file input-v6.tsv (TSV, C-alpha atoms)
chain	number	residue	atom	x	y	z
A	70	MET	CA	101.11	136.89	137.94
A	71	THR	CA	99.51	137.61	134.55
A	72	SER	CA	96.50	139.31	136.14
A	73	ARG	CA	98.73	141.61	138.21
A	74	VAL	CA	100.78	142.57	135.15
A	75	ALA	CA	97.57	143.33	133.25
A	76	ALA	CA	96.17	145.40	136.13
A	77	VAL	CA	99.27	147.58	136.49
A	78	THR	CA	99.57	147.91	132.70
A	79	GLY	CA	95.99	149.09	132.46
A	80	THR	CA	96.50	151.60	135.27
A	81	ALA	CA	99.61	153.02	133.64
A	82	MET	CA	97.88	153.42	130.28
A	83	SER	CA	94.83	155.18	131.74
A	84	CYS	CA	96.86	157.90	133.51
A	85	THR	CA	99.03	160.85	132.68
A	86	ALA	CA	102.78	160.53	132.40
A	87	ALA	CA	103.07	161.19	136.15
A	88	GLY	CA	100.54	158.44	136.79
A	89	CYS	CA	102.51	156.09	134.58
A	90	ALA	CA	105.70	156.92	136.49
A	91	ALA	CA	103.93	156.21	139.79
A	92	ALA	CA	102.66	152.90	138.43
A	93	LEU	CA	106.18	151.87	137.42
A	94	VAL	CA	107.59	152.74	140.84
A	95	ALA	CA	104.75	150.84	142.51
A	96	TRP	CA	105.35	147.81	140.31
A	97	ASN	CA	108.99	147.33	141.30
A	98	ASN	CA	108.63	148.35	144.95
A	99	LEU	CA	105.23	146.94	145.91
A	100	VAL	CA	103.68	144.61	143.33
A	101	LEU	CA	106.73	142.58	142.31
A	102	PRO	CA	108.00	142.02	145.89
A	103	ALA	CA	104.50	140.95	146.93
A	104	MET	CA	104.62	138.17	144.34
A	105	ASP	CA	107.45	136.58	146.34
A	106	LEU	CA	109.15	135.19	143.23
A	107	GLY	CA	112.64	133.79	142.86
A	108	PRO	CA	115.26	135.38	140.57
A	109	ARG	CA	113.92	133.64	137.46
A	110	GLY	CA	110.35	134.57	138.27
A	111	ARG	CA	111.24	138.22	138.87
A	112	ALA	CA	113.18	138.40	135.61
A	113	ALA	CA	110.27	136.86	133.69
A	114	ALA	CA	107.70	139.10	135.39
A	115	ASN	CA	109.72	142.26	134.71
A	116	ALA	CA	110.33	141.34	131.07
A	117	GLY	CA	106.67	140.47	130.62
A	118	PHE	CA	105.56	143.72	132.21
A	119	GLY	CA	107.88	145.75	130.02
A	120	VAL	CA	106.78	144.08	126.80
A	121	ALA	CA	103.09	144.23	127.76
A	122	LEU	CA	103.16	147.92	128.65
A	123	ALA	CA	105.13	148.80	125.52
A	124	ALA	CA	102.66	146.87	123.34
A	125	ALA	CA	99.70	148.48	125.10
A	126	THR	CA	101.21	151.94	124.64
A	127	ARG	CA	101.74	151.31	120.95
A	128	ALA	CA	98.19	150.00	120.58
A	129	ALA	CA	96.89	153.12	122.35
A	130	GLY	CA	98.24	155.28	119.53
A	131	VAL	CA	101.76	156.23	120.54
A	132	SER	CA	103.88	155.91	117.40
A	133	ALA	CA	106.87	153.63	116.97
A	134	THR	CA	109.02	156.72	116.42
A	135	GLU	CA	107.89	158.23	119.72
A	136	LEU	CA	108.68	154.95	121.44
A	137	GLY	CA	112.20	154.89	120.01
A	138	TRP	CA	111.64	151.87	117.81
A	139	ARG	CA	113.00	153.56	114.70
A	140	GLY	CA	116.55	154.59	113.84
A	141	ALA	CA	118.07	151.40	115.17
A	142	GLY	CA	121.18	151.93	113.04
A	143	LYS	CA	122.05	155.24	114.68
A	144	GLY	CA	121.18	153.80	118.07
A	145	LEU	CA	123.48	150.86	117.44
A	146	ARG	CA	126.39	153.12	116.45
A	147	TRP	CA	126.02	155.43	119.45
A	148	GLY	CA	125.35	152.53	121.80
A	149	THR	CA	128.39	150.61	120.62
A	150	ALA	CA	130.59	153.69	121.07
A	151	SER	CA	129.22	154.33	124.57
A	152	VAL	CA	130.02	150.77	125.65
A	153	VAL	CA	133.72	151.71	125.61
A	154	LEU	CA	133.30	153.78	128.80
A	155	PRO	CA	132.07	151.08	131.22
A	156	VAL	CA	134.36	148.46	129.69
A	157	ALA	CA	137.37	150.74	130.18
A	158	ALA	CA	136.26	151.57	133.72
A	159	TYR	CA	135.92	147.92	134.73
A	160	THR	CA	139.28	147.10	133.12
A	161	VAL	CA	140.99	149.78	135.18
A	162	MET	CA	139.22	148.63	138.36
A	163	LEU	CA	140.40	145.06	137.83
A	164	ALA	CA	143.96	146.28	137.28
A	165	VAL	CA	144.10	147.98	140.69
A	166	PRO	CA	144.62	145.29	143.39
A	167	PRO	CA	142.81	147.04	146.30
A	168	VAL	CA	139.81	147.79	144.12
A	169	ARG	CA	139.82	144.30	142.65
A	170	ARG	CA	139.90	142.75	146.13
A	171	ARG	CA	136.96	144.88	147.21
A	172	MET	CA	135.00	143.80	144.14
A	173	ALA	CA	135.65	140.17	145.10
A	174	ALA	CA	134.72	140.64	148.75
A	175	GLY	CA	131.22	139.23	148.41
A	176	ALA	CA	130.20	135.69	147.63
A	177	ARG	CA	129.85	134.80	143.96
A	178	ARG	CA	126.26	134.12	142.92
A	179	ALA	CA	125.51	130.46	142.33
A	180	ASP	CA	123.55	131.44	139.21
A	181	HIS	CA	126.22	133.89	137.98
A	182	THR	CA	126.19	132.75	134.34
A	183	GLU	CA	122.40	132.79	134.14
A	184	TRP	CA	122.40	136.17	135.85
A	185	VAL	CA	124.75	137.64	133.24
A	186	PHE	CA	123.15	136.12	130.14
A	187	VAL	CA	119.46	135.97	131.11
A	188	HIS	CA	118.43	137.95	134.17
A	189	ILE	CA	120.34	141.14	133.35
A	190	PRO	CA	119.63	141.31	129.58
A	191	PHE	CA	115.93	140.48	129.83
A	192	GLY	CA	114.74	140.99	133.40
A	193	THR	CA	116.65	144.24	133.86
A	194	VAL	CA	117.82	145.90	130.64
A	195	LEU	CA	115.02	144.99	128.23
A	196	ALA	CA	112.33	145.61	130.84
A	197	GLU	CA	113.69	148.90	132.16
A	198	GLU	CA	114.53	150.38	128.76
A	199	LEU	CA	111.09	149.56	127.38
A	200	LEU	CA	109.44	151.00	130.49
A	201	PHE	CA	111.55	154.13	130.95
A	202	ARG	CA	113.29	155.06	127.71
A	203	SER	CA	110.43	153.87	125.51
A	204	VAL	CA	107.02	154.18	127.21
A	205	LEU	CA	107.58	156.78	129.94
A	206	TYR	CA	109.93	158.80	127.74
A	207	ALA	CA	107.30	159.00	125.00
A	208	LEU	CA	104.47	159.93	127.38
A	209	THR	CA	106.46	162.59	129.22
A	210	ARG	CA	107.70	164.13	125.97
A	211	ARG	CA	104.10	164.51	124.87
A	212	GLU	CA	103.23	166.42	128.04
A	213	SER	CA	106.36	168.48	128.66
A	214	ARG	CA	109.58	168.58	126.69
A	215	ARG	CA	111.06	170.80	129.39
A	216	TRP	CA	110.44	168.58	132.41
A	217	HIS	CA	110.29	165.11	130.90
A	218	ARG	CA	113.89	164.24	131.82
A	219	VAL	CA	113.33	165.14	135.47
A	220	LEU	CA	110.30	162.88	135.75
A	221	THR	CA	111.83	159.91	133.95
A	222	SER	CA	115.11	160.15	135.87
A	223	VAL	CA	113.48	160.53	139.29
A	224	ALA	CA	111.13	157.63	138.56
A	225	PHE	CA	114.07	155.51	137.43
A	226	GLY	CA	115.86	156.27	140.68
A	227	LEU	CA	112.81	155.46	142.83
A	228	TRP	CA	112.32	152.22	140.88
A	229	HIS	CA	115.45	150.93	142.64
A	230	VAL	CA	114.36	151.51	146.27
A	231	ALA	CA	113.24	147.92	146.98
A	232	PRO	CA	116.20	146.31	145.18
A	233	ALA	CA	118.60	148.50	147.19
A	234	ARG	CA	116.96	147.46	150.45
A	235	HIS	CA	117.05	143.81	149.43
A	236	ALA	CA	120.76	144.05	148.61
A	237	GLY	CA	121.58	145.95	151.78
A	238	ASP	CA	122.81	148.97	149.81
A	239	SER	CA	122.30	152.63	150.68
A	240	VAL	CA	118.83	153.59	149.45
A	241	PRO	CA	119.56	157.33	149.02
A	242	GLY	CA	122.86	156.53	147.32
A	243	THR	CA	121.28	153.99	144.99
A	244	VAL	CA	118.40	156.31	144.09
A	245	ALA	CA	120.78	159.18	143.35
A	246	LEU	CA	123.16	157.03	141.29
A	247	THR	CA	120.43	155.38	139.23
A	248	ALA	CA	118.64	158.70	138.69
A	249	LEU	CA	121.90	160.12	137.35
A	250	SER	CA	122.25	157.05	135.14
A	251	GLY	CA	118.73	157.75	133.92
A	252	VAL	CA	119.83	161.22	132.80
A	253	VAL	CA	122.63	159.67	130.73
A	254	PHE	CA	120.34	157.02	129.24
A	255	ASP	CA	117.73	159.66	128.41
A	256	GLU	CA	120.34	161.79	126.66
A	257	LEU	CA	121.38	158.86	124.49
A	258	ARG	CA	117.73	158.24	123.71
A	259	ARG	CA	117.24	161.91	122.76
A	260	ARG	CA	120.33	162.16	120.60
A	261	THR	CA	119.67	158.97	118.64
A	262	GLY	CA	115.88	158.77	118.66
A	263	SER	CA	116.33	155.09	119.42
A	264	VAL	CA	115.95	152.97	122.54
A	265	VAL	CA	118.79	150.77	121.25
A	266	ALA	CA	121.55	153.16	122.34
A	267	PRO	CA	120.64	153.39	126.04
A	268	MET	CA	119.86	149.68	126.01
A	269	LEU	CA	123.42	148.83	124.92
A	270	LEU	CA	125.02	151.16	127.47
A	271	HIS	CA	122.75	149.80	130.21
A	272	LEU	CA	123.66	146.23	129.25
A	273	ALA	CA	127.38	146.99	129.22
A	274	SER	CA	127.18	148.72	132.60
A	275	ASN	CA	125.21	145.99	134.38
A	276	ALA	CA	126.44	142.84	132.67
A	277	GLY	CA	129.97	144.24	132.47
A	278	GLY	CA	129.93	144.86	136.20
A	279	ALA	CA	128.73	141.33	136.87
A	280	VAL	CA	131.45	139.88	134.62
A	281	ALA	CA	134.08	142.06	136.30
A	282	VAL	CA	133.00	140.81	139.74
A	283	GLY	CA	133.22	137.24	138.46
A	284	ILE	CA	136.75	137.84	137.16
A	285	ALA	CA	137.81	139.49	140.42
A	286	THR	CA	136.44	136.56	142.40
A	287	ARG	CA	138.33	134.05	140.27
A	288	LEU	CA	141.56	136.02	140.56
A	289	ARG	CA	141.15	136.12	144.35
A	290	THR	CA	140.69	132.36	144.43
A	291	SER	CA	143.77	131.86	142.24
A	292	GLU	CA	145.84	134.12	144.48
A	293	ARG	CA	144.77	132.18	147.58
A	294	ASP	CA	145.56	128.86	145.93
A	295	ALA	CA	149.01	130.15	144.91
A	296	ARG	CA	149.85	130.97	148.56
A	297	ARG	CA	149.13	127.44	149.75
call {"tool": "encode", "arguments": {"input": "input-v6.tsv", "output": "structure tokens"}}
result
Amino acid sequence: MTSRVAAVTGTAMSCTAAGCAAALVAWNNLVLPAMDLGPRGRAAANAGFGVALAAATRAAGVSATELGWRGAGKGLRWGTASVVLPVAAYTVMLAVPPVRRRMAAGARRADHTEWVFVHIPFGTVLAEELLFRSVLYALTRRESRRWHRVLTSVAFGLWHVAPARHAGDSVPGTVALTALSGVVFDELRRRTGSVVAPMLLHLASNAGGAVAVGIATRLRTSERDARR
């Protein structure tokens, strides 16, 4: 696994921003699935890849400011404020019975707690924000301040092709939704100069959704038990 991470990291660092975007898409859709890892392995591999590429980019001369590693205070303030939106949305969804029942339609993951507190924060949020809102954002801004958001958002959408297929979700729908999310995350990154802001919103959106599904599932179970 380490050799594959190093190979893709080296490829990304030796190319243009477009080459880096292609390497990221290839990692999540070709390289990572080929490793045939379980959930823990995928989370560890993604986190390792994100940290390794970010460190390599910094060592190659891209400044900490360009990577969004400064201005954490402003990023924290904006990120904390943005968290209100997904939290409010999930609260409303749980309050509407038909929506809540649909959220609880699937089986609850056996590793739900680990998924919320480990896989999502590190394997998803940390990895993706370092890769897209830190490394790719910095490289694309160097090449084109006009088109950088298009490239980062499209790449972020395409990153999710294999996960959508694995989950049985609509691939075009997932790509479009995550690309749009990428636009929002990029805007937070631009306004704050910090990767912290999009990281917090991303965490609230993903982990909040997982928690909401868990709550909906428990409420469904309680309702069924009450009818017996």
call {"tool": "closest_atom_pairs", "arguments": {"input": "input-v6.tsv", "of": "segment 184-230 of chain A", "to": "segment 267-283 of chain A", "cutoff": "12 Å", "atoms": "only C-alpha atoms", "output": "JSON lines"}}
result
{"residue": "A:Trp184", "atom": "CA", "partner": "A:Ala279", "partner_atom": "CA", "distance": 8.2}
{"residue": "A:Val185", "atom": "CA", "partner": "A:Ala276", "partner_atom": "CA", "distance": 5.5}
{"residue": "A:Phe186", "atom": "CA", "partner": "A:Ala276", "partner_atom": "CA", "distance": 7.9}
{"residue": "A:Val187", "atom": "CA", "partner": "A:Ala276", "partner_atom": "CA", "distance": 9.9}
{"residue": "A:His188", "atom": "CA", "partner": "A:Ala276", "partner_atom": "CA", "distance": 9.5}
{"residue": "A:Ile189", "atom": "CA", "partner": "A:Ala276", "partner_atom": "CA", "distance": 6.4}
{"residue": "A:Pro190", "atom": "CA", "partner": "A:Leu272", "partner_atom": "CA", "distance": 6.4}
{"residue": "A:Phe191", "atom": "CA", "partner": "A:Leu272", "partner_atom": "CA", "distance": 9.7}
{"residue": "A:Gly192", "atom": "CA", "partner": "A:Leu272", "partner_atom": "CA", "distance": 11.1}
{"residue": "A:Thr193", "atom": "CA", "partner": "A:Leu272", "partner_atom": "CA", "distance": 8.6}
{"residue": "A:Val194", "atom": "CA", "partner": "A:Leu272", "partner_atom": "CA", "distance": 6.0}
{"residue": "A:Leu195", "atom": "CA", "partner": "A:Met268", "partner_atom": "CA", "distance": 7.1}
{"residue": "A:Ala196", "atom": "CA", "partner": "A:Met268", "partner_atom": "CA", "distance": 9.8}
{"residue": "A:Glu197", "atom": "CA", "partner": "A:Met268", "partner_atom": "CA", "distance": 8.7}
{"residue": "A:Glu198", "atom": "CA", "partner": "A:Met268", "partner_atom": "CA", "distance": 6.0}
{"residue": "A:Leu199", "atom": "CA", "partner": "A:Met268", "partner_atom": "CA", "distance": 8.9}
{"residue": "A:Leu200", "atom": "CA", "partner": "A:Met268", "partner_atom": "CA", "distance": 11.4}
{"residue": "A:Phe201", "atom": "CA", "partner": "A:Pro267", "partner_atom": "CA", "distance": 10.4}
{"residue": "A:Arg202", "atom": "CA", "partner": "A:Pro267", "partner_atom": "CA", "distance": 7.7}
{"residue": "A:Ser203", "atom": "CA", "partner": "A:Pro267", "partner_atom": "CA", "distance": 10.2}
call {"tool": "closest_residue", "arguments": {"input": "input-v6.tsv", "among": "A:Ala236, A:Ala164, A:Leu154, A:Ala141", "to": "Val265 of chain A", "atoms": "only C-alpha atoms"}}
result
A:Ala141
call {"tool": "atom_distance", "arguments": {"input": "input-v6.tsv", "atom1": "atom CA of Ala90 of chain A", "atom2": "atom CA of Leu205 of chain A"}}
result
6.8 Å
call {"tool": "closest_residue", "arguments": {"input": "input-v6.tsv", "among": "A:Gly144, A:Gly137, A:Gly226, A:Pro155", "to": "Thr247 of chain A", "atoms": "only C-alpha atoms"}}
result
A:Gly226
call {"tool": "atom_distance", "arguments": {"input": "input-v6.tsv", "atom1": "atom CA of Ser213 of chain A", "atom2": "atom CA of Leu122 of chain A"}}
result
20.8 Å
call {"tool": "atom_distance", "arguments": {"input": "input-v6.tsv", "atom1": "atom CA of Gly88 of chain A", "atom2": "atom CA of Leu246 of chain A"}}
result
23.1 Å
call {"tool": "closest_residue", "arguments": {"input": "input-v6.tsv", "among": "A:Leu208, A:Val165, A:Val230, A:Val219", "to": "Leu249 of chain A", "atoms": "all atoms listed in the file"}}
result
A:Val219
call {"tool": "build_atoms", "arguments": {"input": "input-v6.tsv", "residues": "segment 161-187 of chain A", "atoms": "N, CA, C and O atoms", "output": "PDB file, keeping the file's coordinate frame"}}
result
ATOM      1  N   VAL A 161     140.117 149.052 134.260  1.00  0.00           N
ATOM      2  CA  VAL A 161     140.990 149.780 135.180  1.00  0.00           C
ATOM      3  C   VAL A 161     140.782 149.297 136.615  1.00  0.00           C
ATOM      4  O   VAL A 161     141.742 149.085 137.375  1.00  0.00           O
ATOM      5  N   MET A 162     139.534 149.097 137.000  1.00  0.00           N
ATOM      6  CA  MET A 162     139.220 148.630 138.360  1.00  0.00           C
ATOM      7  C   MET A 162     139.856 147.270 138.636  1.00  0.00           C
ATOM      8  O   MET A 162     140.394 147.024 139.722  1.00  0.00           O
ATOM      9  N   LEU A 163     139.809 146.392 137.657  1.00  0.00           N
ATOM     10  CA  LEU A 163     140.400 145.060 137.830  1.00  0.00           C
ATOM     11  C   LEU A 163     141.927 145.122 137.886  1.00  0.00           C
ATOM     12  O   LEU A 163     142.563 144.236 138.464  1.00  0.00           O
ATOM     13  N   ALA A 164     142.498 146.161 137.309  1.00  0.00           N
ATOM     14  CA  ALA A 164     143.960 146.280 137.280  1.00  0.00           C
ATOM     15  C   ALA A 164     144.526 146.854 138.574  1.00  0.00           C
ATOM     16  O   ALA A 164     145.738 146.793 138.801  1.00  0.00           O
ATOM     17  N   VAL A 165     143.650 147.398 139.424  1.00  0.00           N
ATOM     18  CA  VAL A 165     144.100 147.980 140.690  1.00  0.00           C
ATOM     19  C   VAL A 165     143.801 146.989 141.814  1.00  0.00           C
ATOM     20  O   VAL A 165     142.639 146.768 142.152  1.00  0.00           O
ATOM     21  N   PRO A 166     144.823 146.362 142.395  1.00  0.00           N
ATOM     22  CA  PRO A 166     144.620 145.290 143.390  1.00  0.00           C
ATOM     23  C   PRO A 166     143.651 145.604 144.524  1.00  0.00           C
ATOM     24  O   PRO A 166     142.757 144.793 144.813  1.00  0.00           O
ATOM     25  N   PRO A 167     143.759 146.774 145.206  1.00  0.00           N
ATOM     26  CA  PRO A 167     142.810 147.040 146.300  1.00  0.00           C
ATOM     27  C   PRO A 167     141.359 147.101 145.834  1.00  0.00           C
ATOM     28  O   PRO A 167     140.457 146.607 146.506  1.00  0.00           O
ATOM     29  N   VAL A 168     141.161 147.700 144.667  1.00  0.00           N
ATOM     30  CA  VAL A 168     139.810 147.790 144.120  1.00  0.00           C
ATOM     31  C   VAL A 168     139.315 146.411 143.712  1.00  0.00           C
ATOM     32  O   VAL A 168     138.159 146.037 143.971  1.00  0.00           O
ATOM     33  N   ARG A 169     140.180 145.650 143.076  1.00  0.00           N
ATOM     34  CA  ARG A 169     139.820 144.300 142.650  1.00  0.00           C
ATOM     35  C   ARG A 169     139.445 143.427 143.849  1.00  0.00           C
ATOM     36  O   ARG A 169     138.474 142.671 143.794  1.00  0.00           O
ATOM     37  N   ARG A 170     140.211 143.546 144.934  1.00  0.00           N
ATOM     38  CA  ARG A 170     139.900 142.750 146.130  1.00  0.00           C
ATOM     39  C   ARG A 170     138.561 143.145 146.735  1.00  0.00           C
ATOM     40  O   ARG A 170     137.813 142.296 147.217  1.00  0.00           O
ATOM     41  N   ARG A 171     138.258 144.429 146.675  1.00  0.00           N
ATOM     42  CA  ARG A 171     136.960 144.880 147.210  1.00  0.00           C
ATOM     43  C   ARG A 171     135.821 144.351 146.346  1.00  0.00           C
ATOM     44  O   ARG A 171     134.766 143.989 146.870  1.00  0.00           O
ATOM     45  N   MET A 172     136.026 144.327 145.036  1.00  0.00           N
ATOM     46  CA  MET A 172     135.000 143.800 144.140  1.00  0.00           C
ATOM     47  C   MET A 172     134.728 142.326 144.414  1.00  0.00           C
ATOM     48  O   MET A 172     133.612 141.836 144.234  1.00  0.00           O
ATOM     49  N   ALA A 173     135.769 141.619 144.863  1.00  0.00           N
ATOM     50  CA  ALA A 173     135.650 140.170 145.100  1.00  0.00           C
ATOM     51  C   ALA A 173     135.281 139.838 146.537  1.00  0.00           C
ATOM     52  O   ALA A 173     135.274 138.671 146.920  1.00  0.00           O
ATOM     53  N   ALA A 174     134.964 140.866 147.326  1.00  0.00           N
ATOM     54  CA  ALA A 174     134.720 140.640 148.750  1.00  0.00           C
ATOM     55  C   ALA A 174     133.475 139.807 149.016  1.00  0.00           C
ATOM     56  O   ALA A 174     133.417 139.031 149.962  1.00  0.00           O
ATOM     57  N   GLY A 175     132.466 139.976 148.198  1.00  0.00           N
ATOM     58  CA  GLY A 175     131.220 139.230 148.410  1.00  0.00           C
ATOM     59  C   GLY A 175     131.276 137.838 147.819  1.00  0.00           C
ATOM     60  O   GLY A 175     132.181 137.493 147.062  1.00  0.00           O
ATOM     61  N   ALA A 176     130.286 137.045 148.178  1.00  0.00           N
ATOM     62  CA  ALA A 176     130.200 135.690 147.630  1.00  0.00           C
ATOM     63  C   ALA A 176     129.706 135.728 146.188  1.00  0.00           C
ATOM     64  O   ALA A 176     128.839 136.530 145.836  1.00  0.00           O
ATOM     65  N   ARG A 177     130.262 134.888 145.353  1.00  0.00           N
ATOM     66  CA  ARG A 177     129.850 134.800 143.960  1.00  0.00           C
ATOM     67  C   ARG A 177     128.486 134.139 143.866  1.00  0.00           C
ATOM     68  O   ARG A 177     128.238 133.123 144.520  1.00  0.00           O
ATOM     69  N   ARG A 178     127.597 134.699 143.073  1.00  0.00           N
ATOM     70  CA  ARG A 178     126.260 134.120 142.920  1.00  0.00           C
ATOM     71  C   ARG A 178     126.350 132.728 142.333  1.00  0.00           C
ATOM     72  O   ARG A 178     127.119 132.487 141.395  1.00  0.00           O
ATOM     73  N   ALA A 179     125.527 131.830 142.847  1.00  0.00           N
ATOM     74  CA  ALA A 179     125.510 130.460 142.330  1.00  0.00           C
ATOM     75  C   ALA A 179     125.003 130.431 140.894  1.00  0.00           C
ATOM     76  O   ALA A 179     125.393 129.579 140.101  1.00  0.00           O
ATOM     77  N   ASP A 180     124.128 131.385 140.567  1.00  0.00           N
ATOM     78  CA  ASP A 180     123.550 131.440 139.210  1.00  0.00           C
ATOM     79  C   ASP A 180     124.220 132.542 138.386  1.00  0.00           C
ATOM     80  O   ASP A 180     123.565 133.193 137.568  1.00  0.00           O
ATOM     81  N   HIS A 181     125.516 132.753 138.604  1.00  0.00           N
ATOM     82  CA  HIS A 181     126.220 133.890 137.980  1.00  0.00           C
ATOM     83  C   HIS A 181     126.083 133.910 136.464  1.00  0.00           C
ATOM     84  O   HIS A 181     125.785 134.958 135.874  1.00  0.00           O
ATOM     85  N   THR A 182     126.275 132.779 135.806  1.00  0.00           N
ATOM     86  CA  THR A 182     126.190 132.750 134.340  1.00  0.00           C
ATOM     87  C   THR A 182     124.792 133.078 133.858  1.00  0.00           C
ATOM     88  O   THR A 182     124.597 133.866 132.915  1.00  0.00           O
ATOM     89  N   GLU A 183     123.791 132.505 134.506  1.00  0.00           N
ATOM     90  CA  GLU A 183     122.400 132.790 134.140  1.00  0.00           C
ATOM     91  C   GLU A 183     122.063 134.251 134.419  1.00  0.00           C
ATOM     92  O   GLU A 183     121.325 134.889 133.658  1.00  0.00           O
ATOM     93  N   TRP A 184     122.612 134.764 135.497  1.00  0.00           N
ATOM     94  CA  TRP A 184     122.400 136.170 135.850  1.00  0.00           C
ATOM     95  C   TRP A 184     122.937 137.090 134.756  1.00  0.00           C
ATOM     96  O   TRP A 184     122.262 138.040 134.338  1.00  0.00           O
ATOM     97  N   VAL A 185     124.127 136.793 134.254  1.00  0.00           N
ATOM     98  CA  VAL A 185     124.750 137.640 133.240  1.00  0.00           C
ATOM     99  C   VAL A 185     124.048 137.538 131.888  1.00  0.00           C
ATOM    100  O   VAL A 185     123.840 138.556 131.211  1.00  0.00           O
ATOM    101  N   PHE A 186     123.668 136.325 131.501  1.00  0.00           N
ATOM    102  CA  PHE A 186     123.150 136.120 130.140  1.00  0.00           C
ATOM    103  C   PHE A 186     121.622 136.099 130.033  1.00  0.00           C
ATOM    104  O   PHE A 186     121.088 136.167 128.918  1.00  0.00           O
ATOM    105  N   VAL A 187     120.926 136.023 131.166  1.00  0.00           N
ATOM    106  CA  VAL A 187     119.460 135.970 131.110  1.00  0.00           C
ATOM    107  C   VAL A 187     118.815 137.058 131.965  1.00  0.00           C
ATOM    108  O   VAL A 187     118.083 137.910 131.461  1.00  0.00           O
TER     109      VAL A 187
END
